[in-house]
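Taking it in order: structure first as structure tokens, then the write-up.
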Amino acid sequence: MDLNLVRVFVAVYESRSLTTAARRLYVTQPAVSQALGRLRRELDDALFRRTGRAMEPTPFADAVYPGFCEAIAGIDRTLDAVHRFDPADSRRLFRIALSELGEIGWFPSILTAVRSEAPDVRLEVVTLDPASLPDWLARGTVDLAITTATMPAAFDRVLVKSQPYAAVMSTRNPLAGGALDLDTYAGAQHVTVASDSGRPILEAAQRRAGIVIQPQVAVAHFATLPPVLAADPGLVATLPDMIAAGWAQTWPISLTPLPFDMPPVELYLYRRATSQQTGALDWLFATVARAVRGSTGQFFVIHGDAGATPH
């Protein structure tokens, strides 16, 4: 049997998509369809049936996948040992799932680290969707993801950041610059961000402290917060202190410690499940982890005129 047919089978099985399998294998979708047709004839089974947009495996495909996957993985491990992945010569496309803040804060450092070793590698940022992420990692839709969400144990991960939260407000807010007590914090006017993945941890910490916050303002994106806080001195936001410290370089905002205990929000780098090109993924995983750990974030790029008084 042609080994390439087995690779096609494994890629389609893991991705449930001819298009995604073709992208992973660096071939066209018609080439994947043709290879799948040959394999169906050789194995005398349909292997996959289209259900909506997905290619669902037959019972026979479920039965042979573990053996095929193990065989391909063993061959690739052997080839990786003989011909190690060389980032300097690679023209691969890698996809990384990042949140809005991840793209703003961490991607510049990731780009610099990757291109310093692999100048011809292509990078694509995919907007993070925590609900879809397990499926994306399983199918190889993305290669890596940075998130606070907990993924299934099947995916390798490494802790890259631990983010304490702080109360953030305009420097014109009467509460700025002093210590907050719990009653004052609870009685303040709050603004929240819908896309904050750390909100469940924050709300759990607030409940343990005996308070429930009903925000007066809710925004969709973190990038909206600095001008909103600068414009309305009565509002208080609760967000990662590293992000707020970056904004405070150019915006008239102030950070104050929270008046209750809240564990830092942990940020993890995940890698996709794969039986192919493990050397390339190993390199990317290590390079991105190193870049994020060594970066303080580029959050100051959402800048303003710290000397200006909003009207």
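How things are named: the first chain in the structure tokens is A, the next is B, and so on; residues count from 1 in each chain; ligands count from 1 in the order shown.
Summary of the local environment: counting only C-alpha atoms, residues at most 12 Å from A:Gly67, other than itself and those fewer than 4 positions away along its chain, are A:Val6, A:Phe9, A:Val10, A:Phe60, A:Ala61, A:Asp62, A:Ala63, A:Ala71, A:Ile72, A:Ala73, A:Gly74, A:Ser275.
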I need the chosen residues saved as a PDB file, in the first residue's frame, with C-alpha atoms.
```pdb
ATOM      1  CA  VAL A   6      -2.304   6.133   4.901  1.00  0.00           C
ATOM      2  CA  PHE A   9      -6.511   8.672   5.803  1.00  0.00           C
ATOM      3  CA  VAL A  10      -5.036   9.806   9.133  1.00  0.00           C
ATOM      4  CA  PHE A  60     -14.146   0.150   9.895  1.00  0.00           C
ATOM      5  CA  ALA A  61     -12.278   3.493   9.800  1.00  0.00           C
ATOM      6  CA  ASP A  62     -12.573   3.764  13.597  1.00  0.00           C
ATOM      7  CA  ALA A  63     -11.093   0.273  13.888  1.00  0.00           C
ATOM      8  CA  ALA A  71       2.514   3.466  12.174  1.00  0.00           C
ATOM      9  CA  ILE A  72       2.696   7.000  10.747  1.00  0.00           C
ATOM     10  CA  ALA A  73       3.842   8.418  14.081  1.00  0.00           C
ATOM     11  CA  GLY A  74       6.612   5.815  14.315  1.00  0.00           C
ATOM     12  CA  SER A 275       0.791  12.165  14.167  1.00  0.00           C
TER      13      SER A 275
END
```
According to DSSP computed on the backbone, where in stretch 44-98 of chain A is there helix (DSSP H, G or I)? Give the residues as a PyMOL selection string. chain A and resi 59-82+87-89
Selection above as a file: C-alpha atoms, as a PDB file, in the first residue's frame:
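Result file is part-v6.pdb:
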```
ATOM      1  CA  PRO A  59     -16.879   1.693  12.038  1.00  0.00           C
ATOM      2  CA  PHE A  60     -14.146   0.150   9.895  1.00  0.00           C
ATOM      3  CA  ALA A  61     -12.278   3.493   9.800  1.00  0.00           C
ATOM      4  CA  ASP A  62     -12.573   3.764  13.597  1.00  0.00           C
ATOM      5  CA  ALA A  63     -11.093   0.273  13.888  1.00  0.00           C
ATOM      6  CA  VAL A  64      -8.058   0.817  11.633  1.00  0.00           C
ATOM      7  CA  TYR A  65      -7.213   4.387  12.695  1.00  0.00           C
ATOM      8  CA  PRO A  66      -5.202   3.506  15.855  1.00  0.00           C
ATOM      9  CA  GLY A  67      -2.919   1.159  13.914  1.00  0.00           C
ATOM     10  CA  PHE A  68      -2.457   3.550  11.000  1.00  0.00           C
ATOM     11  CA  CYS A  69      -1.855   6.490  13.349  1.00  0.00           C
ATOM     12  CA  GLU A  70       0.740   4.549  15.351  1.00  0.00           C
ATOM     13  CA  ALA A  71       2.514   3.466  12.174  1.00  0.00           C
ATOM     14  CA  ILE A  72       2.696   7.000  10.747  1.00  0.00           C
ATOM     15  CA  ALA A  73       3.842   8.418  14.081  1.00  0.00           C
ATOM     16  CA  GLY A  74       6.612   5.815  14.315  1.00  0.00           C
ATOM     17  CA  ILE A  75       7.830   6.581  10.810  1.00  0.00           C
ATOM     18  CA  ASP A  76       7.768  10.327  11.438  1.00  0.00           C
ATOM     19  CA  ARG A  77       9.658   9.979  14.720  1.00  0.00           C
ATOM     20  CA  THR A  78      12.345   8.005  12.912  1.00  0.00           C
ATOM     21  CA  LEU A  79      12.557  10.557  10.092  1.00  0.00           C
ATOM     22  CA  ASP A  80      12.668  13.432  12.585  1.00  0.00           C
ATOM     23  CA  ALA A  81      15.655  11.775  14.267  1.00  0.00           C
ATOM     24  CA  VAL A  82      17.487  11.416  10.940  1.00  0.00           C
ATOM     25  CA  PRO A  87      13.404  26.249  10.693  1.00  0.00           C
ATOM     26  CA  ALA A  88      15.893  28.237   8.612  1.00  0.00           C
ATOM     27  CA  ASP A  89      14.789  26.381   5.452  1.00  0.00           C
TER      28      ASP A  89
END
```
Go through stretch 212-263 of chain A and flag each residue having an atom no more than 10 Å from stretch 186-195 of chain A; for those, report the closest pair of atoms plus their distance in Å to one decimal, using only C-alpha atoms, ordered by chain and rising number, as JSON lines.
```
{"residue": "A:Val212", "atom": "CA", "partner": "A:Ala186", "partner_atom": "CA", "distance": 7.6}
{"residue": "A:Ile213", "atom": "CA", "partner": "A:Ala186", "partner_atom": "CA", "distance": 6.6}
{"residue": "A:Gln214", "atom": "CA", "partner": "A:His190", "partner_atom": "CA", "distance": 7.4}
{"residue": "A:Pro215", "atom": "CA", "partner": "A:His190", "partner_atom": "CA", "distance": 4.7}
{"residue": "A:Gln216", "atom": "CA", "partner": "A:His190", "partner_atom": "CA", "distance": 5.7}
{"residue": "A:Val217", "atom": "CA", "partner": "A:Val191", "partner_atom": "CA", "distance": 4.6}
{"residue": "A:Ala218", "atom": "CA", "partner": "A:Thr192", "partner_atom": "CA", "distance": 4.8}
{"residue": "A:Val219", "atom": "CA", "partner": "A:Val193", "partner_atom": "CA", "distance": 5.0}
{"residue": "A:Ala220", "atom": "CA", "partner": "A:Ala194", "partner_atom": "CA", "distance": 5.0}
{"residue": "A:His221", "atom": "CA", "partner": "A:Val193", "partner_atom": "CA", "distance": 6.0}
{"residue": "A:Phe222", "atom": "CA", "partner": "A:Val193", "partner_atom": "CA", "distance": 6.2}
{"residue": "A:Ala223", "atom": "CA", "partner": "A:Val193", "partner_atom": "CA", "distance": 9.6}
{"residue": "A:Thr224", "atom": "CA", "partner": "A:Val193", "partner_atom": "CA", "distance": 8.8}
{"residue": "A:Leu225", "atom": "CA", "partner": "A:Val193", "partner_atom": "CA", "distance": 8.1}
{"residue": "A:Val228", "atom": "CA", "partner": "A:Val191", "partner_atom": "CA", "distance": 8.9}
{"residue": "A:Leu229", "atom": "CA", "partner": "A:Val191", "partner_atom": "CA", "distance": 8.6}
{"residue": "A:Pro233", "atom": "CA", "partner": "A:Gln189", "partner_atom": "CA", "distance": 9.8}
{"residue": "A:Gly234", "atom": "CA", "partner": "A:Gln189", "partner_atom": "CA", "distance": 6.4}
{"residue": "A:Leu235", "atom": "CA", "partner": "A:Gln189", "partner_atom": "CA", "distance": 5.1}
{"residue": "A:Val236", "atom": "CA", "partner": "A:His190", "partner_atom": "CA", "distance": 4.7}
{"residue": "A:Ala237", "atom": "CA", "partner": "A:Val191", "partner_atom": "CA", "distance": 5.2}
{"residue": "A:Thr238", "atom": "CA", "partner": "A:Thr192", "partner_atom": "CA", "distance": 7.4}
{"residue": "A:Leu239", "atom": "CA", "partner": "A:Thr192", "partner_atom": "CA", "distance": 8.7}
{"residue": "A:Pro259", "atom": "CA", "partner": "A:Ala186", "partner_atom": "CA", "distance": 9.6}
```
Keeping only N, CA, C and O atoms, write the selected residues to a file as a CSV table (one decimal), in the first residue's frame.
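Dumped everything to again-v1.csv:
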```
chain,number,residue,atom,x,y,z
A,212,VAL,N,-21.3,40.8,45.0
A,212,VAL,CA,-21.7,40.5,43.7
A,212,VAL,C,-21.7,41.8,43.0
A,212,VAL,O,-22.4,42.8,43.4
A,213,ILE,N,-21.0,41.9,41.9
A,213,ILE,CA,-20.9,43.2,41.1
A,213,ILE,C,-21.9,43.2,40.0
A,213,ILE,O,-21.9,42.3,39.2
A,214,GLN,N,-22.7,44.3,40.0
A,214,GLN,CA,-23.6,44.6,38.8
A,214,GLN,C,-23.0,45.7,38.1
A,214,GLN,O,-23.1,46.9,38.5
A,215,PRO,N,-22.3,45.5,36.9
A,215,PRO,CA,-21.6,46.6,36.2
A,215,PRO,C,-22.6,47.6,35.6
A,215,PRO,O,-23.7,47.3,35.1
A,216,GLN,N,-22.2,48.9,35.7
A,216,GLN,CA,-23.0,49.9,35.1
A,216,GLN,C,-22.7,50.0,33.6
A,216,GLN,O,-23.5,50.5,32.8
A,217,VAL,N,-21.5,49.5,33.2
A,217,VAL,CA,-21.1,49.6,31.8
A,217,VAL,C,-20.5,48.2,31.4
A,217,VAL,O,-19.7,47.7,32.2
A,218,ALA,N,-20.8,47.7,30.2
A,218,ALA,CA,-20.1,46.5,29.7
A,218,ALA,C,-19.7,46.8,28.3
A,218,ALA,O,-20.5,47.3,27.5
A,219,VAL,N,-18.4,46.5,28.0
A,219,VAL,CA,-17.9,46.7,26.6
A,219,VAL,C,-17.5,45.4,26.0
A,219,VAL,O,-17.3,44.4,26.8
A,220,ALA,N,-17.4,45.3,24.7
A,220,ALA,CA,-17.1,44.1,24.1
A,220,ALA,C,-15.6,43.7,24.0
A,220,ALA,O,-15.2,42.6,24.0
A,221,HIS,N,-14.7,44.8,24.0
A,221,HIS,CA,-13.3,44.6,23.7
A,221,HIS,C,-12.5,45.3,24.8
A,221,HIS,O,-12.8,46.4,25.2
A,222,PHE,N,-11.3,44.7,25.1
A,222,PHE,CA,-10.4,45.3,26.0
A,222,PHE,C,-9.9,46.7,25.5
A,222,PHE,O,-9.6,47.6,26.3
A,223,ALA,N,-9.7,46.8,24.2
A,223,ALA,CA,-9.1,48.0,23.6
A,223,ALA,C,-10.0,49.2,23.9
A,223,ALA,O,-9.5,50.3,23.8
A,224,THR,N,-11.3,49.0,24.2
A,224,THR,CA,-12.2,50.1,24.5
A,224,THR,C,-12.0,50.7,25.9
A,224,THR,O,-12.3,51.8,26.1
A,225,LEU,N,-11.4,49.9,26.8
A,225,LEU,CA,-11.3,50.3,28.2
A,225,LEU,C,-10.5,51.6,28.5
A,225,LEU,O,-11.0,52.4,29.2
A,228,VAL,N,-12.4,54.7,27.7
A,228,VAL,CA,-13.7,54.8,28.6
A,228,VAL,C,-13.3,55.2,30.0
A,228,VAL,O,-14.0,56.0,30.6
A,229,LEU,N,-12.3,54.6,30.6
A,229,LEU,CA,-11.8,54.9,31.9
A,229,LEU,C,-11.3,56.3,32.0
A,229,LEU,O,-11.6,57.1,33.0
A,233,PRO,N,-14.3,59.3,35.0
A,233,PRO,CA,-13.5,59.1,36.2
A,233,PRO,C,-14.2,58.3,37.3
A,233,PRO,O,-13.6,57.9,38.2
A,234,GLY,N,-15.5,58.1,37.1
A,234,GLY,CA,-16.2,57.3,38.2
A,234,GLY,C,-16.2,55.8,38.0
A,234,GLY,O,-16.5,55.1,38.9
A,235,LEU,N,-15.7,55.3,36.9
A,235,LEU,CA,-15.7,53.9,36.6
A,235,LEU,C,-14.5,53.2,37.1
A,235,LEU,O,-13.4,53.7,37.2
A,236,VAL,N,-14.7,51.9,37.5
A,236,VAL,CA,-13.6,51.0,37.9
A,236,VAL,C,-13.7,49.7,37.1
A,236,VAL,O,-14.7,49.1,37.0
A,237,ALA,N,-12.5,49.3,36.6
A,237,ALA,CA,-12.4,48.1,35.9
A,237,ALA,C,-11.5,47.1,36.7
A,237,ALA,O,-10.6,47.6,37.4
A,238,THR,N,-11.7,45.8,36.6
A,238,THR,CA,-10.9,44.9,37.2
A,238,THR,C,-10.3,44.0,36.2
A,238,THR,O,-11.0,43.3,35.5
A,239,LEU,N,-9.0,44.0,36.0
A,239,LEU,CA,-8.3,43.3,34.9
A,239,LEU,C,-6.9,43.0,35.2
A,239,LEU,O,-6.4,43.5,36.2
A,259,PRO,N,-9.2,44.5,47.0
A,259,PRO,CA,-9.4,44.3,48.5
A,259,PRO,C,-9.9,42.9,48.9
A,259,PRO,O,-10.5,42.7,49.9
```
What's around A:Leu281 at 12 Å? Count only C-alpha atoms, leave out sequence neighbours fewer than 4 positions away in its own chain, and write the answer as a PyMOL selection string. chain A and resi 80+84-87+92-96+140+142-144+156+270-277+285-288
Prev. selection, N, CA, C and O atoms, output as a short mmCIF file (atom, residue, chain, number, x, y, z; two decimals), in the first residue's frame:
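Output contents, as saved in again-v8.cif:
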```cif
data_model
loop_
_atom_site.label_atom_id
_atom_site.label_comp_id
_atom_site.auth_asym_id
_atom_site.auth_seq_id
_atom_site.Cartn_x
_atom_site.Cartn_y
_atom_site.Cartn_z
N ASP A 80 12.27 12.24 11.83
CA ASP A 80 12.67 13.43 12.58
C ASP A 80 14.05 13.26 13.21
O ASP A 80 14.82 14.22 13.32
N ARG A 84 16.30 16.27 11.01
CA ARG A 84 15.63 17.16 11.95
C ARG A 84 15.04 18.36 11.21
O ARG A 84 15.57 18.83 10.22
N PHE A 85 13.91 18.84 11.76
CA PHE A 85 13.27 20.01 11.19
C PHE A 85 14.23 21.19 11.26
O PHE A 85 14.80 21.49 12.31
N ASP A 86 14.43 21.86 10.13
CA ASP A 86 15.32 23.01 10.06
C ASP A 86 14.48 24.27 9.83
O ASP A 86 14.03 24.51 8.71
N PRO A 87 14.26 25.06 10.87
CA PRO A 87 13.40 26.25 10.69
C PRO A 87 13.97 27.23 9.67
O PRO A 87 13.20 27.93 9.02
N ARG A 92 6.79 26.69 5.91
CA ARG A 92 5.51 26.20 6.42
C ARG A 92 4.60 27.35 6.85
O ARG A 92 5.06 28.45 7.18
N LEU A 93 3.31 27.05 6.86
CA LEU A 93 2.32 27.96 7.43
C LEU A 93 1.88 27.40 8.78
O LEU A 93 1.47 26.24 8.87
N PHE A 94 1.99 28.20 9.83
CA PHE A 94 1.53 27.83 11.16
C PHE A 94 0.37 28.74 11.55
O PHE A 94 0.40 29.95 11.30
N ARG A 95 -0.63 28.15 12.20
CA ARG A 95 -1.78 28.92 12.67
C ARG A 95 -1.83 28.90 14.20
O ARG A 95 -1.72 27.83 14.80
N ILE A 96 -2.01 30.08 14.79
CA ILE A 96 -2.04 30.22 16.24
C ILE A 96 -3.35 30.91 16.64
O ILE A 96 -3.67 31.98 16.12
N GLY A 140 -6.49 19.82 13.84
CA GLY A 140 -5.35 20.49 13.23
C GLY A 140 -5.71 21.78 12.53
O GLY A 140 -4.94 22.29 11.73
N VAL A 142 -5.86 24.63 13.94
CA VAL A 142 -4.80 25.49 14.44
C VAL A 142 -3.69 24.61 14.99
O VAL A 142 -3.93 23.46 15.39
N ASP A 143 -2.48 25.15 14.99
CA ASP A 143 -1.34 24.40 15.52
C ASP A 143 -1.15 24.63 17.01
O ASP A 143 -0.83 23.70 17.76
N LEU A 144 -1.34 25.88 17.43
CA LEU A 144 -1.17 26.26 18.83
C LEU A 144 -2.31 27.17 19.25
O LEU A 144 -2.97 27.78 18.41
N ASP A 156 -1.17 18.53 24.78
CA ASP A 156 -0.03 18.99 25.57
C ASP A 156 -0.18 20.48 25.84
O ASP A 156 -0.64 21.24 24.98
N TYR A 270 -1.27 25.68 24.36
CA TYR A 270 -1.65 24.32 23.96
C TYR A 270 -1.13 24.03 22.56
O TYR A 270 -1.00 24.95 21.73
N ARG A 271 -0.89 22.75 22.29
CA ARG A 271 -0.51 22.34 20.94
C ARG A 271 -1.50 21.30 20.43
O ARG A 271 -2.09 20.55 21.20
N ARG A 272 -1.67 21.27 19.13
CA ARG A 272 -2.64 20.37 18.53
C ARG A 272 -2.19 18.92 18.63
O ARG A 272 -1.00 18.62 18.77
N ALA A 273 -3.16 18.03 18.57
CA ALA A 273 -2.85 16.61 18.47
C ALA A 273 -2.33 16.34 17.06
O ALA A 273 -2.84 16.89 16.09
N THR A 274 -1.31 15.53 16.94
CA THR A 274 -0.76 15.26 15.62
C THR A 274 -0.03 13.93 15.59
O THR A 274 0.49 13.46 16.59
N SER A 275 -0.05 13.33 14.42
CA SER A 275 0.79 12.16 14.17
C SER A 275 1.77 12.47 13.05
O SER A 275 2.44 11.58 12.54
N GLN A 276 1.86 13.76 12.66
CA GLN A 276 2.69 14.13 11.52
C GLN A 276 3.49 15.39 11.83
O GLN A 276 3.07 16.24 12.58
N GLN A 277 4.66 15.49 11.21
CA GLN A 277 5.54 16.66 11.33
C GLN A 277 5.74 17.08 12.79
O GLN A 277 5.60 18.24 13.15
N PHE A 285 6.23 25.03 19.26
CA PHE A 285 5.73 25.03 20.64
C PHE A 285 6.77 25.62 21.59
O PHE A 285 6.46 26.49 22.41
N ALA A 286 8.02 25.17 21.47
CA ALA A 286 9.08 25.66 22.35
C ALA A 286 9.39 27.12 22.09
O ALA A 286 9.61 27.91 23.02
N THR A 287 9.40 27.52 20.82
CA THR A 287 9.73 28.90 20.46
C THR A 287 8.67 29.87 20.95
O THR A 287 9.00 30.93 21.51
N VAL A 288 7.41 29.54 20.77
CA VAL A 288 6.33 30.41 21.21
C VAL A 288 6.28 30.50 22.74
O VAL A 288 6.09 31.57 23.31
#
```
Check the smallest atom-to-atom distance from each of A:Asn173, A:Thr141, A:Gln163, A:Thr112 to A:Pro264 using only C-alpha atoms, then report the winner. A:Gln163
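In terms of minimum interatomic distance to A:Gly294, A:Ala113 ranks closest within A:Ala113, A:Leu258, A:Ile211, A:Ile243, counting only C-alpha atoms.
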Tell me which protein, DNA and RNA residues are within 10 Å of A:Ala46, counting only C-alpha atoms, leaving out same-chain ones fewer than 4 positions away, and put them as a PyMOL selection string. chain A and resi 36-37+39-41+57-61
Those same residues - N, CA, C and O atoms - I'd like them written as a PDB file, in the first residue's frame.
```pdb
ATOM      1  N   LEU A  36      -8.225   9.293  -1.314  1.00  0.00           N
ATOM      2  CA  LEU A  36      -9.241   8.628  -0.504  1.00  0.00           C
ATOM      3  C   LEU A  36     -10.010   7.604  -1.340  1.00  0.00           C
ATOM      4  O   LEU A  36     -10.347   6.510  -0.857  1.00  0.00           O
ATOM      5  N   GLY A  37     -10.266   7.945  -2.596  1.00  0.00           N
ATOM      6  CA  GLY A  37     -10.932   6.991  -3.482  1.00  0.00           C
ATOM      7  C   GLY A  37     -10.104   5.729  -3.702  1.00  0.00           C
ATOM      8  O   GLY A  37     -10.640   4.609  -3.681  1.00  0.00           O
ATOM      9  N   LEU A  39      -7.885   4.547  -1.634  1.00  0.00           N
ATOM     10  CA  LEU A  39      -7.840   3.802  -0.375  1.00  0.00           C
ATOM     11  C   LEU A  39      -9.149   3.057  -0.134  1.00  0.00           C
ATOM     12  O   LEU A  39      -9.152   1.927   0.380  1.00  0.00           O
ATOM     13  N   ARG A  40     -10.271   3.666  -0.510  1.00  0.00           N
ATOM     14  CA  ARG A  40     -11.557   2.989  -0.370  1.00  0.00           C
ATOM     15  C   ARG A  40     -11.594   1.704  -1.194  1.00  0.00           C
ATOM     16  O   ARG A  40     -12.104   0.676  -0.746  1.00  0.00           O
ATOM     17  N   ARG A  41     -11.029   1.784  -2.403  1.00  0.00           N
ATOM     18  CA  ARG A  41     -11.014   0.588  -3.257  1.00  0.00           C
ATOM     19  C   ARG A  41     -10.103  -0.490  -2.678  1.00  0.00           C
ATOM     20  O   ARG A  41     -10.437  -1.679  -2.694  1.00  0.00           O
ATOM     21  N   PRO A  57     -16.278   9.094  10.171  1.00  0.00           N
ATOM     22  CA  PRO A  57     -15.680   7.792   9.862  1.00  0.00           C
ATOM     23  C   PRO A  57     -16.687   6.653  10.021  1.00  0.00           C
ATOM     24  O   PRO A  57     -17.585   6.701  10.866  1.00  0.00           O
ATOM     25  N   THR A  58     -16.482   5.629   9.223  1.00  0.00           N
ATOM     26  CA  THR A  58     -17.272   4.405   9.363  1.00  0.00           C
ATOM     27  C   THR A  58     -16.707   3.582  10.523  1.00  0.00           C
ATOM     28  O   THR A  58     -15.594   3.857  11.001  1.00  0.00           O
ATOM     29  N   PRO A  59     -17.433   2.575  10.994  1.00  0.00           N
ATOM     30  CA  PRO A  59     -16.879   1.693  12.038  1.00  0.00           C
ATOM     31  C   PRO A  59     -15.546   1.067  11.628  1.00  0.00           C
ATOM     32  O   PRO A  59     -14.651   0.904  12.465  1.00  0.00           O
ATOM     33  N   PHE A  60     -15.415   0.716  10.361  1.00  0.00           N
ATOM     34  CA  PHE A  60     -14.146   0.150   9.895  1.00  0.00           C
ATOM     35  C   PHE A  60     -13.017   1.172  10.035  1.00  0.00           C
ATOM     36  O   PHE A  60     -11.908   0.841  10.477  1.00  0.00           O
ATOM     37  N   ALA A  61     -13.298   2.443   9.667  1.00  0.00           N
ATOM     38  CA  ALA A  61     -12.278   3.493   9.800  1.00  0.00           C
ATOM     39  C   ALA A  61     -11.885   3.690  11.261  1.00  0.00           C
ATOM     40  O   ALA A  61     -10.695   3.860  11.585  1.00  0.00           O
TER      41      ALA A  61
END
```
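Using only C-alpha atoms for every distance, the candidate list A:Leu182, A:Val126, A:Ala11, A:Ala248 yields A:Ala11 as the residue closest to A:Arg139.
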Residues of stretch 78-144 of chain A in strand (DSSP E), written as an MDAnalysis selection string: chainID A and resid 93:98 122:127 144
